[in-house]
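Data block for work32.json (JSON, C-alpha atoms):
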```
[["chain", "number", "residue", "atom", "x", "y", "z"],
["C", 1, "MET", "CA", 16.83, -26.31, -136.38],
["C", 2, "ILE", "CA", 17.42, -26.68, -132.68],
["C", 3, "GLY", "CA", 15.78, -24.02, -130.52],
["C", 4, "ASN", "CA", 17.45, -22.05, -127.79],
["C", 5, "ILE", "CA", 17.81, -23.58, -124.32],
["C", 6, "VAL", "CA", 16.86, -21.15, -121.61],
["C", 7, "ALA", "CA", 18.59, -21.50, -118.26],
["C", 8, "GLY", "CA", 16.28, -21.76, -115.27],
["C", 9, "THR", "CA", 15.63, -23.40, -111.91],
["C", 10, "PHE", "CA", 13.91, -26.73, -111.41],
["C", 11, "SER", "CA", 12.66, -27.38, -107.90],
["C", 12, "VAL", "CA", 11.02, -30.35, -106.28],
["C", 13, "GLY", "CA", 8.35, -29.64, -103.70],
["C", 14, "ALA", "CA", 7.99, -31.40, -100.38],
["C", 15, "PRO", "CA", 6.46, -34.87, -100.67],
["C", 16, "PRO", "CA", 2.71, -34.91, -100.09],
["C", 17, "ALA", "CA", 1.36, -35.77, -96.66],
["C", 18, "LEU", "CA", -0.37, -39.13, -96.84],
["C", 19, "PRO", "CA", -2.79, -40.66, -94.37],
["C", 20, "ILE", "CA", -1.40, -43.45, -92.17],
["C", 21, "THR", "CA", -3.25, -45.61, -89.66],
["C", 22, "ILE", "CA", -1.34, -46.39, -86.45],
["C", 23, "ASP", "CA", -2.16, -49.16, -84.00],
["C", 24, "TYR", "CA", -0.54, -48.51, -80.65],
["C", 25, "LEU", "CA", 0.43, -49.94, -77.29],
["C", 26, "VAL", "CA", 1.29, -47.20, -74.78],
["C", 27, "ILE", "CA", 2.35, -48.25, -71.27],
["C", 28, "ALA", "CA", 3.44, -45.91, -68.47],
["C", 29, "GLY", "CA", 6.16, -46.55, -65.90],
["C", 30, "GLY", "CA", 5.21, -48.78, -62.96],
["C", 31, "GLY", "CA", 5.06, -47.58, -59.37],
["C", 32, "GLY", "CA", 7.72, -48.42, -56.81],
["C", 33, "GLY", "CA", 7.02, -50.61, -53.79],
["C", 34, "ALA", "CA", 7.02, -49.37, -50.19],
["C", 35, "LEU", "CA", 8.68, -50.49, -46.94],
["C", 36, "SER", "CA", 7.42, -51.60, -43.50],
["C", 37, "SER", "CA", 5.40, -54.51, -44.85],
["C", 38, "GLY", "CA", 4.71, -52.14, -47.68],
["C", 39, "GLY", "CA", 2.35, -52.47, -50.58],
["C", 40, "GLY", "CA", 3.53, -53.48, -54.01],
["C", 41, "GLY", "CA", 3.71, -50.86, -56.72],
["C", 42, "GLY", "CA", 0.90, -50.59, -59.25],
["C", 43, "ALA", "CA", 1.57, -51.22, -62.93],
["C", 44, "GLY", "CA", 1.65, -48.38, -65.39],
["C", 45, "GLY", "CA", -1.53, -47.64, -67.27],
["C", 46, "LEU", "CA", -1.92, -49.66, -70.48],
["C", 47, "ARG", "CA", -3.75, -48.45, -73.58],
["C", 48, "CYS", "CA", -3.87, -50.61, -76.71],
["C", 49, "THR", "CA", -5.74, -51.06, -79.99],
["C", 50, "VAL", "CA", -4.84, -54.74, -80.53],
["C", 51, "THR", "CA", -6.11, -57.82, -78.65],
["C", 52, "ALA", "CA", -6.88, -56.16, -75.31],
["C", 53, "THR", "CA", -6.41, -52.98, -73.33],
["C", 54, "GLY", "CA", -6.00, -52.25, -69.62],
["C", 55, "GLY", "CA", -8.60, -51.98, -66.88],
["C", 56, "GLY", "CA", -11.00, -54.41, -68.53],
["C", 57, "GLY", "CA", -12.03, -51.86, -71.17],
["C", 58, "SER", "CA", -12.68, -52.35, -74.87],
["C", 59, "VAL", "CA", -9.73, -52.07, -77.25],
["C", 60, "GLU", "CA", -9.11, -48.52, -78.36],
["C", 61, "SER", "CA", -9.40, -47.11, -81.89],
["C", 62, "PRO", "CA", -6.28, -46.69, -84.06],
["C", 63, "LEU", "CA", -4.99, -43.18, -84.71],
["C", 64, "SER", "CA", -5.37, -41.60, -88.16],
["C", 65, "LEU", "CA", -2.19, -39.59, -88.69],
["C", 66, "THR", "CA", -0.26, -38.20, -91.68],
["C", 67, "THR", "CA", 3.22, -38.74, -93.03],
["C", 68, "ASN", "CA", 5.93, -36.06, -92.87],
["C", 69, "THR", "CA", 4.55, -34.83, -89.54],
["C", 70, "ASN", "CA", 6.24, -34.99, -86.15],
["C", 71, "TYR", "CA", 4.41, -36.68, -83.29],
["C", 72, "THR", "CA", 5.53, -36.53, -79.67],
["C", 73, "VAL", "CA", 6.57, -39.66, -77.81],
["C", 74, "THR", "CA", 7.70, -40.03, -74.17],
["C", 75, "ILE", "CA", 8.61, -43.21, -72.32],
["C", 76, "GLY", "CA", 7.79, -43.00, -68.62],
["C", 77, "ALA", "CA", 10.41, -44.14, -66.13],
["C", 78, "GLY", "CA", 9.46, -46.44, -63.28],
["C", 79, "GLY", "CA", 9.10, -45.16, -59.74],
["C", 80, "ALA", "CA", 12.14, -45.58, -57.49],
["C", 81, "GLY", "CA", 12.33, -48.36, -54.91],
["C", 82, "THR", "CA", 12.40, -46.51, -51.60],
["C", 83, "SER", "CA", 14.83, -47.14, -48.72],
["C", 84, "THR", "CA", 12.88, -44.92, -46.30],
["C", 85, "ASP", "CA", 9.76, -45.60, -44.26],
["C", 86, "GLY", "CA", 6.85, -43.35, -45.04],
["C", 87, "THR", "CA", 7.65, -42.80, -48.71],
["C", 88, "SER", "CA", 6.91, -44.40, -52.04],
["C", 89, "PHE", "CA", 7.10, -43.20, -55.61],
["C", 90, "ASN", "CA", 4.72, -43.26, -58.53],
["C", 91, "GLY", "CA", 6.08, -43.99, -61.98],
["C", 92, "ASN", "CA", 5.91, -41.51, -64.86],
["C", 93, "ASN", "CA", 3.40, -41.09, -67.68],
["C", 94, "SER", "CA", 4.05, -42.34, -71.22],
["C", 95, "VAL", "CA", 2.74, -40.40, -74.21],
["C", 96, "PHE", "CA", 2.29, -40.93, -77.92],
["C", 97, "SER", "CA", 0.58, -38.16, -79.92],
["C", 98, "THR", "CA", -2.81, -37.64, -78.21],
["C", 99, "ILE", "CA", -2.57, -40.84, -76.13],
["C", 100, "THR", "CA", -1.42, -40.61, -72.50],
["C", 101, "SER", "CA", -1.06, -43.60, -70.19],
["C", 102, "VAL", "CA", -1.06, -42.78, -66.48],
["C", 103, "ALA", "CA", 1.88, -43.73, -64.23],
["C", 104, "GLY", "CA", 1.52, -46.63, -61.81],
["C", 105, "GLY", "CA", 0.84, -45.79, -58.16],
["C", 106, "GLY", "CA", 3.43, -46.31, -55.41],
["C", 107, "GLY", "CA", 2.76, -48.78, -52.61],
["C", 108, "GLY", "CA", 1.30, -47.76, -49.27],
["C", 109, "THR", "CA", 3.55, -47.62, -46.21],
["C", 110, "THR", "CA", 3.13, -48.02, -42.46],
["C", 111, "ALA", "CA", 5.39, -45.50, -40.79],
["C", 112, "THR", "CA", 3.37, -42.32, -41.24],
["C", 113, "SER", "CA", -0.05, -44.02, -40.99],
["C", 114, "ASN", "CA", -0.33, -43.34, -44.70],
["C", 115, "GLU", "CA", -0.99, -46.97, -45.43],
["C", 116, "VAL", "CA", -3.34, -46.39, -48.35],
["C", 117, "GLY", "CA", -1.75, -47.21, -51.70],
["C", 118, "LYS", "CA", -1.27, -44.39, -54.16],
["C", 119, "SER", "CA", -3.61, -44.06, -57.12],
["C", 120, "GLY", "CA", -2.33, -44.33, -60.69],
["C", 121, "GLY", "CA", -2.77, -46.17, -63.95],
["C", 122, "SER", "CA", -2.97, -49.18, -61.67],
["C", 123, "GLY", "CA", -3.11, -48.49, -57.93],
["C", 124, "GLY", "CA", -0.43, -49.34, -55.41],
["C", 125, "GLY", "CA", -1.12, -51.99, -52.78],
["C", 126, "ALA", "CA", -1.80, -50.88, -49.21],
["C", 127, "GLY", "CA", 0.78, -50.99, -46.43],
["C", 128, "SER", "CA", -0.08, -52.27, -42.97],
["C", 129, "ASN", "CA", -0.54, -50.13, -39.85],
["C", 130, "ILE", "CA", -0.06, -51.37, -36.29],
["C", 131, "SER", "CA", -2.25, -48.73, -34.66],
["C", 132, "SER", "CA", -5.34, -50.90, -34.16],
["C", 133, "PRO", "CA", -4.49, -54.62, -34.31],
["C", 134, "PRO", "CA", -5.88, -57.01, -35.34],
["C", 135, "ARG", "CA", -7.59, -55.57, -38.37],
["C", 136, "ALA", "CA", -7.62, -55.20, -42.07],
["C", 137, "GLY", "CA", -5.22, -52.39, -42.88],
["C", 138, "GLY", "CA", -5.41, -49.68, -45.47],
["C", 139, "GLY", "CA", -7.02, -49.88, -48.86],
["C", 140, "GLY", "CA", -5.28, -50.19, -52.18],
["C", 141, "GLY", "CA", -4.90, -47.16, -54.42],
["C", 142, "ALA", "CA", -7.39, -46.61, -57.22],
["C", 143, "GLY", "CA", -6.64, -47.48, -60.83],
["C", 144, "THR", "CA", -7.59, -45.48, -63.93],
["C", 145, "ALA", "CA", -10.58, -46.50, -66.03],
["C", 146, "ASN", "CA", -9.62, -48.47, -69.15],
["C", 147, "GLN", "CA", -5.95, -48.49, -68.11],
["C", 148, "GLY", "CA", -5.52, -50.55, -64.94],
["C", 149, "PHE", "CA", -6.97, -51.85, -61.69],
["C", 150, "ALA", "CA", -6.80, -50.95, -58.01],
["C", 151, "GLY", "CA", -4.26, -52.26, -55.52],
["C", 152, "GLY", "CA", -5.04, -54.80, -52.79],
["C", 153, "ASN", "CA", -5.66, -54.28, -49.07],
["C", 154, "SER", "CA", -3.20, -54.99, -46.25],
["C", 155, "TYR", "CA", -3.68, -56.78, -42.93],
["C", 156, "GLN", "CA", -2.35, -56.53, -39.35],
["C", 157, "ASN", "CA", -2.35, -59.41, -36.84],
["C", 158, "GLY", "CA", -3.05, -58.79, -33.16],
["C", 159, "ALA", "CA", -0.83, -59.04, -30.11],
["C", 160, "PRO", "CA", 1.62, -60.43, -29.31],
["C", 161, "SER", "CA", 3.06, -60.81, -32.81],
["C", 162, "TYR", "CA", 1.75, -57.68, -34.55],
["C", 163, "ASP", "CA", 2.77, -59.25, -37.85],
["C", 164, "GLN", "CA", 1.99, -57.10, -40.86],
["C", 165, "ALA", "CA", 1.51, -57.86, -44.54],
["C", 166, "GLY", "CA", 1.11, -55.48, -47.47],
["C", 167, "GLY", "CA", -1.34, -55.71, -50.34],
["C", 168, "GLY", "CA", -0.38, -56.43, -53.93],
["C", 169, "GLY", "CA", -0.17, -53.66, -56.50],
["C", 170, "GLY", "CA", -2.85, -53.52, -59.17],
["C", 171, "GLY", "CA", -2.12, -54.79, -62.65],
["C", 172, "ALA", "CA", -3.43, -53.76, -66.05],
["C", 173, "GLY", "CA", -5.47, -56.98, -66.12],
["C", 174, "ALA", "CA", -6.63, -57.52, -62.52],
["C", 175, "VAL", "CA", -6.95, -56.00, -59.06],
["C", 176, "GLY", "CA", -4.01, -56.52, -56.71],
["C", 177, "ASN", "CA", -4.63, -59.28, -54.19],
["C", 178, "ASN", "CA", -5.50, -58.55, -50.57],
["C", 179, "SER", "CA", -3.36, -59.79, -47.71],
["C", 180, "SER", "CA", -5.34, -62.66, -46.17],
["C", 181, "ASN", "CA", -3.74, -62.18, -42.72],
["C", 182, "GLY", "CA", -0.63, -60.64, -41.17],
["C", 183, "ASN", "CA", 1.57, -63.50, -42.36],
["C", 184, "ASN", "CA", 0.64, -63.60, -46.04],
["C", 185, "ALA", "CA", 1.12, -60.56, -48.26],
["C", 186, "GLY", "CA", -0.99, -60.00, -51.34],
["C", 187, "SER", "CA", 0.34, -60.89, -54.77],
["C", 188, "GLY", "CA", 0.36, -58.39, -57.61],
["C", 189, "GLY", "CA", -2.48, -58.16, -60.07],
["C", 190, "SER", "CA", -1.98, -59.79, -63.46],
["C", 191, "GLY", "CA", -1.07, -57.88, -66.58],
["C", 192, "VAL", "CA", -2.58, -57.86, -70.07],
["C", 193, "ALA", "CA", -1.46, -59.87, -73.10],
["C", 194, "THR", "CA", -1.45, -58.30, -76.55],
["C", 195, "SER", "CA", -0.18, -59.50, -79.93],
["C", 196, "ILE", "CA", 0.64, -56.09, -81.40],
["C", 197, "THR", "CA", 4.24, -57.26, -81.93],
["C", 198, "GLY", "CA", 3.12, -60.38, -83.80],
["C", 199, "SER", "CA", 3.56, -62.54, -80.71],
["C", 200, "SER", "CA", 1.49, -62.58, -77.54],
["C", 201, "ILE", "CA", 3.36, -60.75, -74.76],
["C", 202, "THR", "CA", 2.02, -59.96, -71.29],
["C", 203, "TYR", "CA", 2.71, -56.48, -69.92],
["C", 204, "ALA", "CA", 2.04, -54.39, -66.80],
["C", 205, "GLY", "CA", 1.81, -56.77, -63.84],
["C", 206, "GLY", "CA", 1.54, -55.41, -60.30],
["C", 207, "GLY", "CA", 4.19, -55.78, -57.59],
["C", 208, "GLY", "CA", 3.76, -58.17, -54.66],
["C", 209, "GLY", "CA", 3.40, -56.93, -51.09],
["C", 210, "GLY", "CA", 6.09, -57.11, -48.40],
["C", 211, "VAL", "CA", 5.68, -58.89, -45.05],
["C", 212, "THR", "CA", 7.32, -58.77, -41.60],
["C", 213, "ASN", "CA", 7.17, -62.50, -40.85],
["C", 214, "GLY", "CA", 5.65, -64.87, -43.34],
["C", 215, "THR", "CA", 5.15, -65.21, -47.07],
["C", 216, "ALA", "CA", 5.76, -62.22, -49.31],
["C", 217, "GLY", "CA", 3.54, -61.55, -52.29],
["C", 218, "THR", "CA", 4.55, -62.75, -55.74],
["C", 219, "GLY", "CA", 4.62, -60.35, -58.69],
["C", 220, "GLY", "CA", 1.76, -60.37, -61.15],
["C", 221, "SER", "CA", 2.20, -61.85, -64.63],
["C", 222, "GLY", "CA", 3.66, -59.25, -66.94],
["C", 223, "GLY", "CA", 6.86, -58.54, -65.04],
["C", 224, "GLY", "CA", 5.57, -57.57, -61.58],
["C", 225, "GLY", "CA", 8.30, -57.61, -58.91],
["C", 226, "ALA", "CA", 8.01, -59.92, -55.90],
["C", 227, "GLY", "CA", 7.84, -58.55, -52.38],
["C", 228, "THR", "CA", 10.26, -59.66, -49.69],
["C", 229, "ASN", "CA", 10.15, -61.02, -46.13],
["C", 230, "SER", "CA", 13.85, -60.62, -45.35],
["C", 231, "SER", "CA", 16.78, -58.24, -45.53],
["C", 232, "THR", "CA", 17.07, -58.75, -49.27],
["C", 233, "VAL", "CA", 15.95, -56.07, -51.68],
["C", 234, "ALA", "CA", 12.51, -56.67, -53.12],
["C", 235, "THR", "CA", 12.34, -57.43, -56.83],
["C", 236, "SER", "CA", 11.93, -54.55, -59.25],
["C", 237, "GLY", "CA", 9.34, -54.55, -62.00],
["C", 238, "THR", "CA", 10.63, -55.57, -65.43],
["C", 239, "ALA", "CA", 11.88, -52.73, -67.61],
["C", 240, "ASN", "CA", 9.80, -51.82, -70.67],
["C", 241, "LEU", "CA", 6.82, -53.79, -69.37],
["C", 242, "GLY", "CA", 5.54, -51.01, -67.09],
["C", 243, "ALA", "CA", 5.43, -53.43, -64.14],
["C", 244, "GLY", "CA", 5.16, -52.54, -60.45],
["C", 245, "GLY", "CA", 7.96, -53.06, -57.91],
["C", 246, "GLY", "CA", 7.70, -55.37, -54.90],
["C", 247, "GLY", "CA", 7.10, -54.20, -51.34],
["C", 248, "GLY", "CA", 9.83, -54.46, -48.70],
["C", 249, "ARG", "CA", 10.00, -55.68, -45.10],
["C", 250, "TYR", "CA", 11.06, -52.53, -43.19],
["C", 251, "ALA", "CA", 13.65, -49.76, -43.30],
["C", 252, "GLY", "CA", 17.20, -51.00, -42.72],
["C", 253, "SER", "CA", 16.17, -54.37, -44.06],
["C", 254, "GLY", "CA", 16.61, -53.81, -47.79],
["C", 255, "ASN", "CA", 14.97, -51.50, -50.30],
["C", 256, "ALA", "CA", 11.59, -51.93, -51.88],
["C", 257, "GLY", "CA", 11.59, -52.77, -55.57],
["C", 258, "ALA", "CA", 11.53, -50.09, -58.27],
["C", 259, "GLY", "CA", 8.86, -49.91, -60.94],
["C", 260, "GLY", "CA", 9.71, -50.95, -64.49],
["C", 261, "SER", "CA", 9.90, -48.38, -67.28],
["C", 262, "GLY", "CA", 7.14, -48.12, -69.86],
["C", 263, "VAL", "CA", 7.16, -48.73, -73.59],
["C", 264, "VAL", "CA", 5.44, -47.60, -76.79],
["C", 265, "VAL", "CA", 4.85, -50.05, -79.65],
["C", 266, "LEU", "CA", 3.42, -48.75, -82.94],
["C", 267, "ARG", "CA", 2.12, -50.90, -85.84],
["C", 268, "TYR", "CA", 1.52, -49.64, -89.38],
["C", 269, "ALA", "CA", 1.48, -50.77, -93.00],
["C", 270, "ASP", "CA", 4.85, -51.96, -94.30],
["C", 271, "THR", "CA", 4.76, -49.42, -97.15],
["C", 272, "PHE", "CA", 5.79, -46.76, -94.62],
["C", 273, "THR", "CA", 9.08, -46.17, -92.78],
["C", 274, "VAL", "CA", 9.45, -44.52, -89.39],
["C", 275, "SER", "CA", 12.09, -41.96, -88.37],
["C", 276, "PHE", "CA", 13.11, -41.46, -84.74],
["C", 277, "GLY", "CA", 14.01, -37.95, -83.66],
["C", 278, "ALA", "CA", 16.81, -36.95, -81.32],
["C", 279, "GLY", "CA", 16.30, -38.18, -77.79],
["C", 280, "VAL", "CA", 14.22, -41.22, -78.76],
["C", 281, "THR", "CA", 15.49, -44.78, -78.46],
["C", 282, "GLY", "CA", 13.64, -47.00, -80.89],
["C", 283, "THR", "CA", 13.85, -49.74, -83.52],
["C", 284, "GLU", "CA", 11.78, -50.65, -86.56],
["C", 285, "SER", "CA", 11.14, -54.25, -87.57],
["C", 286, "SER", "CA", 8.79, -56.33, -89.66],
["C", 287, "ALA", "CA", 5.60, -57.73, -88.19],
["C", 288, "SER", "CA", 3.30, -60.37, -89.65],
["C", 289, "GLY", "CA", 0.39, -59.57, -91.95],
["C", 290, "GLY", "CA", 1.94, -56.81, -94.03],
["C", 291, "TYR", "CA", 2.89, -54.61, -91.09],
["C", 292, "LYS", "CA", 5.97, -52.98, -89.64],
["C", 293, "ARG", "CA", 6.31, -51.99, -86.02],
["C", 294, "ALA", "CA", 8.29, -49.38, -84.14],
["C", 295, "THR", "CA", 9.29, -50.26, -80.57],
["C", 296, "ILE", "CA", 10.31, -47.25, -78.48],
["C", 297, "THR", "CA", 12.00, -48.07, -75.19],
["C", 298, "GLY", "CA", 13.30, -44.76, -73.86],
["C", 299, "GLY", "CA", 13.54, -41.02, -74.14],
["C", 300, "THR", "CA", 11.42, -38.06, -75.19],
["C", 301, "GLY", "CA", 11.23, -36.62, -78.67],
["C", 302, "ASN", "CA", 9.42, -37.02, -81.98],
["C", 303, "VAL", "CA", 8.64, -39.74, -84.50],
["C", 304, "SER", "CA", 7.45, -39.36, -88.08],
["C", 305, "TRP", "CA", 6.71, -41.52, -91.13],
["C", 306, "ALA", "CA", 7.50, -41.38, -94.82]]
```
Structure translated into structure tokens:
Amino acid sequence: MIGNIVAGTFSVGAPPALPITIDYLVIAGGGGGALSSGGGGGAGGLRCTVTATGGGGSVESPLSLTTNTNYTVTIGAGGAGTSTDGTSFNGNNSVFSTITSVAGGGGGTTATSNEVGKSGGSGGGAGSNISSPPRAGGGGGAGTANQGFAGGNSYQNGAPSYDQAGGGGGGAGAVGNNSSNGNNAGSGGSGVATSITGSSITYAGGGGGGVTNGTAGTGGSGGGGAGTNSSTVATSGTANLGAGGGGGRYAGSGNAGAGGSGVVVLRYADTFTVSFGAGVTGTESSASGGYKRATITGGTGNVSWA
């Protein structure tokens, strides 16, 4: 005899939250360069758990997170390349979960005697100042511990030339170079190489300094923008490398270079799959060694894993 079938409701609960270990690379937006033999922009702060981290520190510890949970992510924009004497612009912070990388500092500028580079993840290079030639000019902006290095110093020649040269912006891997004299601007500090993507890529180089008459500073490895000694626009830092922008000659003679935007790269076991929330621009791909990686190049929003 077949028994009665009783109608009812069958429900499936939410999937359990599982632990997941996340390696990360979080880089902030680079600082913009400055004008009037301005300093190069500092690179965005770099924090990483694989290969190396910024500022000469020890690699950081991976995050222990859980699946089915939203975690905040923000990609910092680079600082603008100024067209006005007396101004420069820091980049913007990048964030993943509890990890914040500090924006790169803008370059120092002559016109308002504010030649000191701005502080940041890596510091901006100093701009020159003609008030007391000949002399070493302002100092580079400070970097942030375990994220990036300081910017380089500027220099001012004496009469009759009064040539000026800006310092290089700091990079995640090295201090920005000083201007050796008023005809040679400092180059940007080098970035840091990490293999979190499965290949070694160098990120977060500082921008080169601008110069009135002479040799402009080259950008640091890792996308740093070159400074300029002419009416051309200085080179911007490379997008999604968090690199600093190059310093310019003077107002009316081309803009300084903008800082490059930051990036967040996340590595995790290939048994998990990431989801990107609204407002986040990202891709997921396979990495070597049983890993996947999520590369997030823009926006603000949430990510989660299942």
*Can you work out which one of C:Val280, C:Ala80, C:Ile75, C:Ala142 has the shortest atom-to-atom distance to C:Gly301, counting all atoms listed in the file?*
C:Val280
*Near stretch 39-46 of chain C, within 6 Å and counting all atoms listed in the file, which residues show up once chain neighbours fewer than 5 positions away are dropped, as a PyMOL selection string?*
chain C and resi 26-34+54+101-108+121-127+147-148+166-171+204-209+242-247
*Pick out the closest residue to C:Trp305 from this set: C:Ser58, C:Asn213, C:Ser37, C:Asn70. Count all atoms listed in the file.*
C:Asn70
*Restricting the calculation to only C-alpha atoms, which member of C:Gly222, C:Gly38, C:Gly262, C:Gly227 is positioned closest to C:Leu25?*
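That would be C:Gly262, the residue with the smallest distance to C:Leu25.
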*Can you work out the spacing between atom CA of C:Gly277 and atom CA of C:Gly290 in Å, to one decimal?*
24.7 Å
*Do you have the atom CA of C:Ile296-atom CA of C:Gly225 distance handy?*
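Result for atom CA of C:Ile296 versus atom CA of C:Gly225: 22.2 Å, one decimal.
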*In Å, with one decimal, what is the gap from atom CA of C:Gly186 to atom CA of C:Gly217?*
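Result for atom CA of C:Gly186 versus atom CA of C:Gly217: 4.9 Å, one decimal.
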*For C:Gly76, which residue out of C:Leu266, C:Leu241, C:Ala174, C:Val116 is the nearest one, using only C-alpha atoms?*
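Among C:Leu266, C:Leu241, C:Ala174, C:Val116, it is C:Leu241 that comes nearest to C:Gly76.
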*asked:* as a list of chain:residue names, please: the residues near C:Ser83 (cut-off 10 Å, only C-alpha atoms, same-chain neighbours under 6 positions excluded).
replied: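 My reading of the contact set: C:Gly33, C:Ala34, C:Leu35, C:Val233, C:Gly248, C:Tyr250, C:Ala251, C:Gly252, C:Ser253, C:Gly254, C:Asn255, C:Ala256, C:Gly257.
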_Taking all atoms listed in the file into account, name the residue in C:Tyr268, C:Tyr71, C:Phe276, C:Tyr155 that is nearest to C:Phe96._
C:Tyr71
